[in-house]
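*Asks:* Input run.cif, format and content: mmCIF, C-alpha atoms and all ligand atoms.
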```
data_final
#
loop_
_atom_site.group_PDB
_atom_site.id
_atom_site.type_symbol
_atom_site.label_atom_id
_atom_site.label_comp_id
_atom_site.auth_asym_id
_atom_site.auth_seq_id
_atom_site.Cartn_x
_atom_site.Cartn_y
_atom_site.Cartn_z
ATOM 1 C CA MET A 5 5.189 -5.535 10.755
ATOM 2 C CA ASP A 6 2.031 -4.874 12.764
ATOM 3 C CA LEU A 7 3.223 -1.899 14.821
ATOM 4 C CA GLY A 8 1.264 0.668 12.829
ATOM 5 C CA GLN A 9 -2.054 -0.371 14.378
ATOM 6 C CA ASP A 10 -3.393 -2.066 17.467
ATOM 7 C CA ARG A 11 -4.441 -5.519 16.305
ATOM 8 C CA ARG A 12 -2.018 -8.435 16.065
ATOM 9 C CA GLY A 13 -1.933 -10.562 12.924
ATOM 10 C CA VAL A 14 -0.825 -8.524 9.907
ATOM 11 C CA ASP A 15 2.772 -9.317 10.837
ATOM 12 C CA MET A 16 1.942 -12.831 9.579
ATOM 13 C CA GLY A 17 0.715 -11.492 6.235
ATOM 14 C CA PRO A 18 4.005 -12.145 4.429
ATOM 15 C CA SER A 19 4.020 -15.794 5.603
ATOM 16 C CA ALA A 20 0.449 -16.252 4.395
ATOM 17 C CA ILE A 21 1.246 -14.715 0.999
ATOM 18 C CA ARG A 22 4.383 -16.830 0.602
ATOM 19 C CA TYR A 23 2.350 -19.911 1.606
ATOM 20 C CA ALA A 24 -0.193 -18.993 -1.087
ATOM 21 C CA ARG A 25 2.702 -19.442 -3.564
ATOM 22 C CA LEU A 26 3.396 -15.922 -4.721
ATOM 23 C CA GLU A 27 6.820 -16.942 -5.972
ATOM 24 C CA ASP A 28 5.421 -19.736 -8.189
ATOM 25 C CA ALA A 29 2.738 -17.413 -9.565
ATOM 26 C CA ILE A 30 5.357 -14.881 -10.661
ATOM 27 C CA GLU A 31 7.748 -17.481 -12.026
ATOM 28 C CA GLU A 32 4.924 -18.942 -14.129
ATOM 29 C CA LEU A 33 4.809 -15.582 -15.896
ATOM 30 C CA GLY A 34 8.462 -16.011 -16.817
ATOM 31 C CA TYR A 35 10.058 -13.729 -14.249
ATOM 32 C CA PRO A 36 12.801 -14.948 -11.912
ATOM 33 C CA VAL A 37 12.155 -14.218 -8.227
ATOM 34 C CA THR A 38 14.510 -13.731 -5.302
ATOM 35 C CA ASP A 39 12.992 -13.667 -1.816
ATOM 36 C CA LEU A 40 15.117 -11.341 0.304
ATOM 37 C CA GLY A 41 13.479 -12.406 3.573
ATOM 38 C CA ASN A 42 11.927 -10.270 6.268
ATOM 39 C CA ALA A 43 12.836 -6.923 7.790
ATOM 40 C CA GLY A 44 13.768 -6.987 11.461
ATOM 41 C CA VAL A 45 10.625 -6.039 13.384
ATOM 42 C CA PRO A 46 10.325 -5.793 17.176
ATOM 43 C CA ILE A 47 7.536 -7.707 18.921
ATOM 44 C CA PRO A 48 4.849 -5.267 20.121
ATOM 45 C CA GLU A 49 4.388 -6.951 23.516
ATOM 46 C CA LEU A 50 8.082 -6.366 24.227
ATOM 47 C CA ILE A 51 8.115 -2.649 23.427
ATOM 48 C CA GLU A 52 7.291 0.025 25.940
ATOM 49 C CA SER A 53 5.356 2.701 24.066
ATOM 50 C CA ASP A 54 3.960 5.750 25.777
ATOM 51 C CA GLU A 55 4.034 7.765 22.555
ATOM 52 C CA SER A 56 0.819 9.483 21.450
ATOM 53 C CA VAL A 57 1.547 8.096 18.002
ATOM 54 C CA ARG A 58 1.617 4.353 18.638
ATOM 55 C CA HIS A 59 5.081 2.749 18.332
ATOM 56 C CA LEU A 60 6.525 5.748 16.487
ATOM 57 C CA ASP A 61 10.160 4.878 17.252
ATOM 58 C CA ALA A 62 9.847 1.251 16.295
ATOM 59 C CA VAL A 63 7.965 2.016 13.071
ATOM 60 C CA ARG A 64 10.634 4.557 12.175
ATOM 61 C CA SER A 65 13.472 2.095 12.594
ATOM 62 C CA VAL A 66 11.715 -0.618 10.554
ATOM 63 C CA CYS A 67 10.830 1.852 7.783
ATOM 64 C CA GLU A 68 14.406 3.125 7.692
ATOM 65 C CA GLU A 69 15.673 -0.403 7.088
ATOM 66 C CA VAL A 70 12.993 -1.044 4.448
ATOM 67 C CA SER A 71 13.712 2.249 2.710
ATOM 68 C CA GLY A 72 17.402 1.419 2.390
ATOM 69 C CA ARG A 73 16.702 -2.072 1.096
ATOM 70 C CA ALA A 74 14.070 -0.771 -1.347
ATOM 71 C CA GLY A 75 16.532 1.756 -2.724
ATOM 72 C CA ALA A 76 19.184 -0.929 -3.234
ATOM 73 C CA VAL A 77 16.786 -3.174 -5.191
ATOM 74 C CA VAL A 78 15.574 -0.329 -7.405
ATOM 75 C CA SER A 79 19.151 0.795 -8.085
ATOM 76 C CA GLU A 80 19.813 -2.647 -9.560
ATOM 77 C CA GLY A 81 16.959 -2.125 -12.012
ATOM 78 C CA LEU A 82 14.778 -4.782 -10.356
ATOM 79 C CA PHE A 83 11.043 -4.735 -9.588
ATOM 80 C CA PRO A 84 10.548 -4.926 -5.815
ATOM 81 C CA ILE A 85 7.408 -6.421 -4.272
ATOM 82 C CA PHE A 86 6.960 -5.580 -0.594
ATOM 83 C CA LEU A 87 4.763 -7.792 1.559
ATOM 84 C CA GLY A 88 3.110 -6.266 4.624
ATOM 85 C CA GLY A 89 2.460 -5.924 7.239
ATOM 86 C CA ASP A 90 0.313 -2.970 8.013
ATOM 87 C CA HIS A 91 0.298 -0.051 5.600
ATOM 88 C CA SER A 92 2.844 1.967 7.564
ATOM 89 C CA ILE A 93 5.571 -0.101 5.814
ATOM 90 C CA SER A 94 4.900 2.018 2.740
ATOM 91 C CA ILE A 95 6.642 4.952 4.417
ATOM 92 C CA GLY A 96 9.755 2.820 3.954
ATOM 93 C CA THR A 97 8.989 1.257 0.586
ATOM 94 C CA VAL A 98 7.859 4.366 -1.301
ATOM 95 C CA SER A 99 10.533 6.641 0.163
ATOM 96 C CA GLY A 100 13.206 4.117 -0.849
ATOM 97 C CA VAL A 101 11.858 3.617 -4.354
ATOM 98 C CA ALA A 102 11.290 7.324 -5.022
ATOM 99 C CA GLY A 103 14.622 8.370 -3.507
ATOM 100 C CA SER A 104 16.697 5.967 -5.600
ATOM 101 C CA SER A 105 15.245 6.617 -9.006
ATOM 102 C CA GLY A 106 15.752 9.783 -11.007
ATOM 103 C CA GLY A 107 12.690 11.703 -12.175
ATOM 104 C CA ARG A 108 9.202 11.630 -10.717
ATOM 105 C CA THR A 109 7.561 8.704 -8.983
ATOM 106 C CA GLY A 110 3.779 8.513 -9.080
ATOM 107 C CA VAL A 111 1.790 6.501 -6.570
ATOM 108 C CA ILE A 112 -1.473 4.606 -6.993
ATOM 109 C CA TRP A 113 -2.936 3.883 -3.561
ATOM 110 C CA LEU A 114 -5.622 1.160 -3.783
ATOM 111 C CA ASP A 115 -7.348 1.335 -0.415
ATOM 112 C CA ALA A 116 -10.670 1.638 1.405
ATOM 113 C CA HIS A 117 -9.049 4.380 3.507
ATOM 114 C CA ALA A 118 -7.112 7.491 2.508
ATOM 115 C CA ASP A 119 -4.288 6.922 5.039
ATOM 116 C CA PHE A 120 -3.943 10.703 5.042
ATOM 117 C CA ASN A 121 -4.201 11.462 8.756
ATOM 118 C CA LEU A 122 -1.709 13.477 10.760
ATOM 119 C CA PRO A 123 -1.021 12.772 14.437
ATOM 120 C CA GLU A 124 -3.279 15.745 15.235
ATOM 121 C CA THR A 125 -6.211 14.499 13.146
ATOM 122 C CA SER A 126 -5.921 10.746 13.674
ATOM 123 C CA PRO A 127 -8.822 9.269 15.631
ATOM 124 C CA SER A 128 -6.737 6.208 16.505
ATOM 125 C CA GLY A 129 -3.090 7.293 16.854
ATOM 126 C CA ASN A 130 -2.276 4.416 14.482
ATOM 127 C CA ILE A 131 0.471 5.098 11.953
ATOM 128 C CA HIS A 132 -1.184 2.878 9.325
ATOM 129 C CA GLY A 133 -3.731 5.691 8.953
ATOM 130 C CA MET A 134 -0.945 8.197 8.172
ATOM 131 C CA PRO A 135 1.511 6.811 5.569
ATOM 132 C CA LEU A 136 0.248 8.651 2.501
ATOM 133 C CA ALA A 137 0.234 12.046 4.253
ATOM 134 C CA THR A 138 3.725 11.246 5.530
ATOM 135 C CA LEU A 139 5.001 10.433 2.037
ATOM 136 C CA ALA A 140 3.507 13.698 0.787
ATOM 137 C CA GLY A 141 5.693 15.526 3.308
ATOM 138 C CA MET A 142 3.168 16.061 6.073
ATOM 139 C CA GLY A 143 2.934 13.780 9.115
ATOM 140 C CA PRO A 144 5.435 13.174 11.917
ATOM 141 C CA ALA A 145 8.813 14.784 11.068
ATOM 142 C CA ASP A 146 10.691 11.653 12.218
ATOM 143 C CA LEU A 147 8.876 9.660 9.545
ATOM 144 C CA VAL A 148 8.851 12.294 6.786
ATOM 145 C CA GLU A 149 12.644 12.415 6.783
ATOM 146 C CA ILE A 150 13.058 8.673 6.108
ATOM 147 C CA GLY A 151 14.779 8.245 2.744
ATOM 148 C CA GLY A 152 15.885 11.904 2.710
ATOM 149 C CA PRO A 153 14.511 15.275 3.807
ATOM 150 C CA GLY A 154 11.123 16.543 2.614
ATOM 151 C CA ALA A 155 8.323 14.833 0.747
ATOM 152 C CA SER A 156 8.971 11.538 -1.040
ATOM 153 C CA VAL A 157 6.205 12.147 -3.566
ATOM 154 C CA ARG A 158 4.299 15.215 -4.703
ATOM 155 C CA PRO A 159 0.592 15.338 -3.835
ATOM 156 C CA GLU A 160 -0.216 15.864 -7.519
ATOM 157 C CA ASP A 161 1.564 12.597 -8.358
ATOM 158 C CA ILE A 162 -0.754 10.547 -6.117
ATOM 159 C CA VAL A 163 -4.004 8.803 -7.042
ATOM 160 C CA LEU A 164 -6.268 7.081 -4.532
ATOM 161 C CA ILE A 165 -8.711 4.448 -5.792
ATOM 162 C CA GLY A 166 -11.449 2.605 -3.890
ATOM 163 C CA LEU A 167 -12.039 4.988 -0.965
ATOM 164 C CA ARG A 168 -15.051 4.554 1.269
ATOM 165 C CA SER A 169 -13.847 5.404 4.779
ATOM 166 C CA VAL A 170 -12.275 8.821 5.296
ATOM 167 C CA ASP A 171 -12.200 10.623 8.658
ATOM 168 C CA LEU A 172 -13.694 14.115 8.878
ATOM 169 C CA GLU A 173 -10.519 16.142 9.243
ATOM 170 C CA GLU A 174 -8.717 13.796 6.890
ATOM 171 C CA ARG A 175 -11.101 14.908 4.123
ATOM 172 C CA ASN A 176 -9.959 18.502 4.495
ATOM 173 C CA LEU A 177 -6.309 17.480 4.411
ATOM 174 C CA LEU A 178 -6.840 15.518 1.208
ATOM 175 C CA ARG A 179 -8.654 18.400 -0.410
ATOM 176 C CA GLU A 180 -6.094 20.999 0.661
ATOM 177 C CA ALA A 181 -3.218 18.858 -0.554
ATOM 178 C CA GLY A 182 -4.929 18.411 -3.932
ATOM 179 C CA VAL A 183 -4.652 14.652 -4.014
ATOM 180 C CA ARG A 184 -6.696 12.989 -6.778
ATOM 181 C CA ALA A 185 -9.166 10.531 -5.247
ATOM 182 C CA TYR A 186 -11.585 8.119 -6.918
ATOM 183 C CA THR A 187 -14.043 6.852 -4.311
ATOM 184 C CA MET A 188 -16.360 3.861 -4.607
ATOM 185 C CA LYS A 189 -19.010 6.322 -5.720
ATOM 186 C CA GLU A 190 -17.085 7.118 -8.918
ATOM 187 C CA ILE A 191 -16.454 3.404 -9.444
ATOM 188 C CA ASP A 192 -20.167 2.654 -9.068
ATOM 189 C CA ALA A 193 -21.222 5.577 -11.254
ATOM 190 C CA TYR A 194 -18.729 5.287 -14.117
ATOM 191 C CA GLY A 195 -17.379 1.756 -13.860
ATOM 192 C CA VAL A 196 -13.977 0.678 -12.741
ATOM 193 C CA ALA A 197 -12.480 0.610 -16.250
ATOM 194 C CA ARG A 198 -13.157 4.295 -16.835
ATOM 195 C CA VAL A 199 -11.806 5.205 -13.416
ATOM 196 C CA VAL A 200 -8.565 3.295 -13.934
ATOM 197 C CA ARG A 201 -8.078 4.740 -17.420
ATOM 198 C CA GLN A 202 -8.610 8.259 -16.070
ATOM 199 C CA ALA A 203 -6.186 7.600 -13.254
ATOM 200 C CA MET A 204 -3.511 6.381 -15.643
ATOM 201 C CA LYS A 205 -4.039 9.413 -17.848
ATOM 202 C CA TYR A 206 -3.795 11.693 -14.812
ATOM 203 C CA LEU A 207 -0.421 10.102 -13.966
ATOM 204 C CA SER A 208 0.923 10.170 -17.515
ATOM 205 C CA HIS A 209 3.470 12.888 -16.590
ATOM 206 C CA VAL A 210 5.413 10.741 -14.074
ATOM 207 C CA ASP A 211 8.415 8.562 -14.893
ATOM 208 C CA ARG A 212 7.325 5.476 -12.950
ATOM 209 C CA VAL A 213 4.469 4.358 -10.751
ATOM 210 C CA HIS A 214 4.518 2.601 -7.405
ATOM 211 C CA LEU A 215 1.332 0.634 -6.712
ATOM 212 C CA SER A 216 0.416 0.379 -3.047
ATOM 213 C CA PHE A 217 -2.223 -2.348 -2.790
ATOM 214 C CA ASP A 218 -4.117 -2.582 0.493
ATOM 215 C CA LEU A 219 -6.265 -5.722 0.467
ATOM 216 C CA ASP A 220 -9.027 -3.825 2.260
ATOM 217 C CA VAL A 221 -9.858 -2.095 -1.036
ATOM 218 C CA LEU A 222 -11.629 -5.395 -1.824
ATOM 219 C CA ASP A 223 -15.068 -6.129 -0.464
ATOM 220 C CA PRO A 224 -14.796 -7.979 2.882
ATOM 221 C CA GLU A 225 -16.997 -10.733 1.446
ATOM 222 C CA ILE A 226 -14.151 -11.767 -0.841
ATOM 223 C CA ALA A 227 -11.284 -10.575 1.403
ATOM 224 C CA PRO A 228 -12.223 -11.084 5.060
ATOM 225 C CA GLY A 229 -8.618 -11.363 6.247
ATOM 226 C CA VAL A 230 -7.814 -7.667 6.677
ATOM 227 C CA GLY A 231 -7.332 -5.560 9.790
ATOM 228 C CA THR A 232 -9.807 -2.768 9.021
ATOM 229 C CA PRO A 233 -12.579 -4.108 6.747
ATOM 230 C CA VAL A 234 -15.181 -1.730 5.285
ATOM 231 C CA ARG A 235 -18.269 -2.860 3.404
ATOM 232 C CA GLY A 236 -18.845 -1.879 -0.205
ATOM 233 C CA GLY A 237 -15.465 -2.612 -1.754
ATOM 234 C CA LEU A 238 -14.297 -3.926 -5.125
ATOM 235 C CA THR A 239 -15.815 -7.165 -6.350
ATOM 236 C CA TYR A 240 -13.674 -10.073 -7.484
ATOM 237 C CA ARG A 241 -13.862 -9.177 -11.162
ATOM 238 C CA GLU A 242 -13.524 -5.431 -10.580
ATOM 239 C CA ALA A 243 -10.306 -6.094 -8.694
ATOM 240 C CA HIS A 244 -8.880 -8.260 -11.471
ATOM 241 C CA LEU A 245 -9.885 -5.680 -14.060
ATOM 242 C CA VAL A 246 -8.103 -2.928 -12.114
ATOM 243 C CA MET A 247 -4.927 -5.001 -12.160
ATOM 244 C CA GLU A 248 -5.312 -6.033 -15.806
ATOM 245 C CA LEU A 249 -5.783 -2.432 -16.934
ATOM 246 C CA ILE A 250 -2.872 -1.182 -14.854
ATOM 247 C CA ASN A 251 -0.756 -3.922 -16.423
ATOM 248 C CA GLU A 252 -1.737 -2.736 -19.917
ATOM 249 C CA ALA A 253 -0.517 0.773 -19.065
ATOM 250 C CA ASP A 254 2.923 -0.764 -18.405
ATOM 251 C CA VAL A 255 4.142 1.874 -15.946
ATOM 252 C CA VAL A 256 4.210 0.151 -12.557
ATOM 253 C CA THR A 257 7.743 -0.681 -11.405
ATOM 254 C CA SER A 258 7.230 -1.481 -7.709
ATOM 255 C CA LEU A 259 4.445 -2.875 -5.547
ATOM 256 C CA ASP A 260 3.240 -3.166 -1.942
ATOM 257 C CA VAL A 261 0.801 -5.890 -0.881
ATOM 258 C CA VAL A 262 -0.358 -4.964 2.602
ATOM 259 C CA GLU A 263 -2.804 -5.498 5.465
ATOM 260 C CA VAL A 264 -3.403 -9.238 5.003
ATOM 261 C CA ASN A 265 -4.360 -10.555 8.457
ATOM 262 C CA PRO A 266 -4.281 -14.377 8.538
ATOM 263 C CA ILE A 267 -5.871 -14.492 12.012
ATOM 264 C CA LEU A 268 -9.037 -12.951 10.593
ATOM 265 C CA ASP A 269 -8.884 -14.798 7.277
ATOM 266 C CA VAL A 270 -10.821 -17.873 6.158
ATOM 267 C CA ARG A 271 -8.601 -20.708 4.878
ATOM 268 C CA ASN A 272 -5.976 -18.250 3.668
ATOM 269 C CA GLY A 273 -8.389 -17.003 1.010
ATOM 270 C CA THR A 274 -7.366 -13.348 1.261
ATOM 271 C CA ALA A 275 -3.683 -14.166 0.802
ATOM 272 C CA SER A 276 -4.545 -16.453 -2.152
ATOM 273 C CA LEU A 277 -6.592 -13.677 -3.716
ATOM 274 C CA ALA A 278 -3.665 -11.293 -3.228
ATOM 275 C CA VAL A 279 -1.455 -13.723 -5.166
ATOM 276 C CA GLU A 280 -4.015 -13.993 -7.984
ATOM 277 C CA LEU A 281 -4.241 -10.223 -8.263
ATOM 278 C CA VAL A 282 -0.475 -9.787 -8.328
ATOM 279 C CA GLY A 283 -0.552 -12.264 -11.220
ATOM 280 C CA SER A 284 -2.996 -10.056 -13.120
ATOM 281 C CA LEU A 285 -0.927 -6.959 -12.357
ATOM 282 C CA LEU A 286 2.187 -8.663 -13.728
ATOM 283 C CA GLY A 287 0.530 -9.740 -16.953
ATOM 284 C CA ARG A 288 -1.375 -12.989 -16.498
ATOM 285 C CA ARG A 289 -3.967 -13.222 -19.262
ATOM 286 C CA ILE A 290 -7.198 -15.182 -19.452
ATOM 287 C CA ILE A 291 -6.318 -16.278 -23.003
HETATM 288 N N1 LIG B 301 -8.648 6.325 9.221
HETATM 289 C C1 LIG B 301 -8.448 5.394 10.292
HETATM 290 C C2 LIG B 301 -7.281 5.780 11.160
HETATM 291 O O1 LIG B 301 -6.616 6.735 10.908
HETATM 292 C C3 LIG B 301 -8.264 3.987 9.755
HETATM 293 C C4 LIG B 301 -7.039 3.768 8.969
HETATM 294 C C5 LIG B 301 -6.933 2.375 8.429
HETATM 295 C C6 LIG B 301 -5.659 2.179 7.680
HETATM 296 N N2 LIG B 301 -5.537 0.854 7.112
HETATM 297 O O2 LIG B 301 -7.004 5.129 12.114
#
```
Please lay out the structure from this file as structure tokens.
*Replies:*
Amino acid sequence: MDLGQDRRGVDMGPSAIRYARLEDAIEELGYPVTDLGNAGVPIPELIESDESVRHLDAVRSVCEEVSGRAGAVVSEGLFPIFLGGDHSISIGTVSGVAGSSGGRTGVIWLDAHADFNLPETSPSGNIHGMPLATLAGMGPADLVEIGGPGASVRPEDIVLIGLRSVDLEERNLLREAGVRAYTMKEIDAYGVARVVRQAMKYLSHVDRVHLSFDLDVLDPEIAPGVGTPVRGGLTYREAHLVMELINEADVVTSLDVVEVNPILDVRNGTASLAVELVGSLLGRRII
């Protein structure tokens, strides 16, 4: 889906990631894979949208479908991997996962942006800048109620890692909500290993963790194929180390891979890197 922002291309992300052989990479680790196909997404050029929040109705209907399908997969005890698409799909994925499992679901949001805008604070009107606030129970009511009334996750069960582009009013919202955020400054100052270990410790009270992986957390030099690139992101090895350390903690039970834009990519390199990093998250070892 690419309705959560105003640039075409991320709707082709899932094709690019499949083409980069995600399924083979997971099967090599010994896990069977079933590809359940795509969600039904309207074509932006064919939708009339005069909403102040861009394509609100269409995003809601796609996220409702995704939420239901996510819940069904989790109820079977399986590990769902959701391919975006812009980050607004996570309103569907996380609400479905959290709503269908007992206990508390924590969220790790790997992203250059906080995605914590409300319609009133958003500089763009794009829903892909709002999913995390929506999941925390703020945001447009039509979207908050997907997967059941109220918040899908508690603000204190959320950790952001890799931030380096946060809008002015969005900063206040994050602070007021009490969401734990590790920016690139902490990563530079303390090293990525310490940051990830602290994050895992911070989330040690939850029953499961959903990892929402936005490729724009990576530096644009290694991941140019993203819709909203920001300089100063994770290096190649830092990114692998994040995934390797999260794998060691053995708590992640569902995953989003979002914002791959093949139109802006170079020889499908960003999608291939996404596949490599999913491999590290799922337990691929160097030796
Ligand atoms: N913070 C900006 C906005 O709300 C950018 C969000 C980018 C999300 N991938 O539009």
*Asks:* Evaluate the PyMOL selection byres (((chain A and resi 23) around 12) and not hetatm) here and jot the selected residues down as a PyMOL selection string.
*Replies:* chain A and resi 16-22+24-29+266+271-276+278-279
*Asks:* At a cut-off of 8 Å and counting only C-alpha atoms and all ligand atoms, what residues surround ligand LIG 301 (chain B)? Please answer as a VMD selection string.
*Replies:* chain A and resid 9 90 to 91 115 to 121 126 to 134 169 to 171 174 218 220 231 to 232 263
*Asks:* Taking the file above as input, evaluate the PyMOL selection byres (((chain A and resi 45) around 10) and not hetatm) and report the hits as an MDAnalysis selection string.
*Replies:* chainID A and resid 5:7 15 42:44 46:48 62:63 65:67 69
*Asks:* Please indicate the distance in Å from atom CA of Ala185 of chain A to atom CA of Leu167 of chain A, rounded to one decimal place.
*Replies:*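 Interatomic distance here is 7.6 Å.
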*Asks:* So what does the PyMOL selection byres (((chain A and resi 142) around 10) and not hetatm) actually pick up in this one, as a PDB file with C-alpha atoms, keeping the file's coordinate frame?
*Replies:*
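That gives us out21.pdb:
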```
ATOM      1  CA  PHE A 120      -3.943  10.703   5.042  1.00  0.00           C
ATOM      2  CA  ASN A 121      -4.201  11.462   8.756  1.00  0.00           C
ATOM      3  CA  LEU A 122      -1.709  13.477  10.760  1.00  0.00           C
ATOM      4  CA  PRO A 123      -1.021  12.772  14.437  1.00  0.00           C
ATOM      5  CA  MET A 134      -0.945   8.197   8.172  1.00  0.00           C
ATOM      6  CA  PRO A 135       1.511   6.811   5.569  1.00  0.00           C
ATOM      7  CA  LEU A 136       0.248   8.651   2.501  1.00  0.00           C
ATOM      8  CA  ALA A 137       0.234  12.046   4.253  1.00  0.00           C
ATOM      9  CA  THR A 138       3.725  11.246   5.530  1.00  0.00           C
ATOM     10  CA  LEU A 139       5.001  10.433   2.037  1.00  0.00           C
ATOM     11  CA  ALA A 140       3.507  13.698   0.787  1.00  0.00           C
ATOM     12  CA  GLY A 141       5.693  15.526   3.308  1.00  0.00           C
ATOM     13  CA  GLY A 143       2.934  13.780   9.115  1.00  0.00           C
ATOM     14  CA  PRO A 144       5.435  13.174  11.917  1.00  0.00           C
ATOM     15  CA  ALA A 145       8.813  14.784  11.068  1.00  0.00           C
ATOM     16  CA  LEU A 147       8.876   9.660   9.545  1.00  0.00           C
ATOM     17  CA  VAL A 148       8.851  12.294   6.786  1.00  0.00           C
ATOM     18  CA  GLY A 154      11.123  16.543   2.614  1.00  0.00           C
ATOM     19  CA  ALA A 155       8.323  14.833   0.747  1.00  0.00           C
ATOM     20  CA  LEU A 177      -6.309  17.480   4.411  1.00  0.00           C
ATOM     21  CA  ALA A 181      -3.218  18.858  -0.554  1.00  0.00           C
TER      22      ALA A 181
END
```
*Asks:* Atom CA of Asp61 of chain A and atom CA of Val157 of chain A are how many Å apart?
*Replies:*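 It comes out at 22.4 Å.
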*Asks:* Please compute the atom CA of Pro159 of chain A-atom CA of Arg58 of chain A distance, one decimal, in Å.
*Replies:*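 Atom CA of Arg58 of chain A lies at a distance of 25.0 Å from atom CA of Pro159 of chain A.
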*Asks:* Please tell me which residues are no farther than 12 Å from (1.4, -11.0, -7.8) in the file, counting only C-alpha atoms, and write them as a ChimeraX atom specification.
*Replies:* /A:21-22,24-33,35,37,83-87,215,217,244,247-248,251,258-261,275-288
*Asks:* Smallest atom-to-atom distance to Ser104 of chain A: which of A:Thr125, A:Ser92, A:Glu225, A:Gly151, using all atoms listed in the file?
*Replies:*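 For Ser104 of chain A, the nearest of the candidates is A:Gly151.
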*Asks:* Find the spatial neighbours of Thr257 of chain A, counting only C-alpha atoms, within a cut-off of 12 Å - ignore same-chain residues fewer than 5 positions away - and output them as a PyMOL selection string.
*Replies:* chain A and resi 74+77-79+81-86+98+101-102+105+109-112+210-216+250-251+285-286
*Asks:* Those selected residues, please, written with C-alpha atoms and delivered as a tab-separated table (two decimals), in the frame of the given file.
*Replies:*
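Saved to part-v1.tsv:
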```tsv
chain	number	residue	atom	x	y	z
A	74	ALA	CA	14.07	-0.77	-1.35
A	77	VAL	CA	16.79	-3.17	-5.19
A	78	VAL	CA	15.57	-0.33	-7.40
A	79	SER	CA	19.15	0.80	-8.09
A	81	GLY	CA	16.96	-2.12	-12.01
A	82	LEU	CA	14.78	-4.78	-10.36
A	83	PHE	CA	11.04	-4.74	-9.59
A	84	PRO	CA	10.55	-4.93	-5.82
A	85	ILE	CA	7.41	-6.42	-4.27
A	86	PHE	CA	6.96	-5.58	-0.59
A	98	VAL	CA	7.86	4.37	-1.30
A	101	VAL	CA	11.86	3.62	-4.35
A	102	ALA	CA	11.29	7.32	-5.02
A	105	SER	CA	15.24	6.62	-9.01
A	109	THR	CA	7.56	8.70	-8.98
A	110	GLY	CA	3.78	8.51	-9.08
A	111	VAL	CA	1.79	6.50	-6.57
A	112	ILE	CA	-1.47	4.61	-6.99
A	210	VAL	CA	5.41	10.74	-14.07
A	211	ASP	CA	8.41	8.56	-14.89
A	212	ARG	CA	7.32	5.48	-12.95
A	213	VAL	CA	4.47	4.36	-10.75
A	214	HIS	CA	4.52	2.60	-7.40
A	215	LEU	CA	1.33	0.63	-6.71
A	216	SER	CA	0.42	0.38	-3.05
A	250	ILE	CA	-2.87	-1.18	-14.85
A	251	ASN	CA	-0.76	-3.92	-16.42
A	285	LEU	CA	-0.93	-6.96	-12.36
A	286	LEU	CA	2.19	-8.66	-13.73
```
*Asks:* Considering all atoms listed in the file, return as a VMD selection string whatever protein or nucleic-acid residues lie within 6 Å of Gly229 of chain A, sequence-local ones (same chain, fewer than 2 positions apart) excluded.
*Replies:* chain A and resid 227 264 to 266 268 to 269 274
*Asks:* Quick one: segment 171-182 of chain A with N, CA and C atoms, as a PDB file, in the frame of the given file?
*Replies:*
```pdb
ATOM      1  N   ASP A 171     -11.828   9.886   7.450  1.00  0.00           N
ATOM      2  CA  ASP A 171     -12.200  10.623   8.658  1.00  0.00           C
ATOM      3  C   ASP A 171     -12.470  12.090   8.311  1.00  0.00           C
ATOM      4  N   LEU A 172     -13.238  12.755   9.195  1.00  0.00           N
ATOM      5  CA  LEU A 172     -13.694  14.115   8.878  1.00  0.00           C
ATOM      6  C   LEU A 172     -12.571  15.087   8.571  1.00  0.00           C
ATOM      7  N   GLU A 173     -11.611  15.184   9.491  1.00  0.00           N
ATOM      8  CA  GLU A 173     -10.519  16.142   9.243  1.00  0.00           C
ATOM      9  C   GLU A 173      -9.595  15.673   8.124  1.00  0.00           C
ATOM     10  N   GLU A 174      -9.546  14.368   7.957  1.00  0.00           N
ATOM     11  CA  GLU A 174      -8.717  13.796   6.890  1.00  0.00           C
ATOM     12  C   GLU A 174      -9.222  14.261   5.516  1.00  0.00           C
ATOM     13  N   ARG A 175     -10.527  14.421   5.394  1.00  0.00           N
ATOM     14  CA  ARG A 175     -11.101  14.908   4.123  1.00  0.00           C
ATOM     15  C   ARG A 175     -10.539  16.273   3.760  1.00  0.00           C
ATOM     16  N   ASN A 176     -10.484  17.157   4.765  1.00  0.00           N
ATOM     17  CA  ASN A 176      -9.959  18.502   4.495  1.00  0.00           C
ATOM     18  C   ASN A 176      -8.497  18.440   4.076  1.00  0.00           C
ATOM     19  N   LEU A 177      -7.732  17.592   4.754  1.00  0.00           N
ATOM     20  CA  LEU A 177      -6.309  17.480   4.411  1.00  0.00           C
ATOM     21  C   LEU A 177      -6.133  17.027   2.966  1.00  0.00           C
ATOM     22  N   LEU A 178      -6.923  16.039   2.583  1.00  0.00           N
ATOM     23  CA  LEU A 178      -6.840  15.518   1.208  1.00  0.00           C
ATOM     24  C   LEU A 178      -7.150  16.612   0.208  1.00  0.00           C
ATOM     25  N   ARG A 179      -8.219  17.342   0.500  1.00  0.00           N
ATOM     26  CA  ARG A 179      -8.654  18.400  -0.410  1.00  0.00           C
ATOM     27  C   ARG A 179      -7.596  19.495  -0.501  1.00  0.00           C
ATOM     28  N   GLU A 180      -7.104  19.923   0.665  1.00  0.00           N
ATOM     29  CA  GLU A 180      -6.094  20.999   0.661  1.00  0.00           C
ATOM     30  C   GLU A 180      -4.816  20.574  -0.060  1.00  0.00           C
ATOM     31  N   ALA A 181      -4.450  19.320   0.089  1.00  0.00           N
ATOM     32  CA  ALA A 181      -3.218  18.858  -0.554  1.00  0.00           C
ATOM     33  C   ALA A 181      -3.414  18.680  -2.061  1.00  0.00           C
ATOM     34  N   GLY A 182      -4.667  18.576  -2.495  1.00  0.00           N
ATOM     35  CA  GLY A 182      -4.929  18.411  -3.932  1.00  0.00           C
ATOM     36  C   GLY A 182      -4.631  17.021  -4.442  1.00  0.00           C
TER      37      GLY A 182
END
```
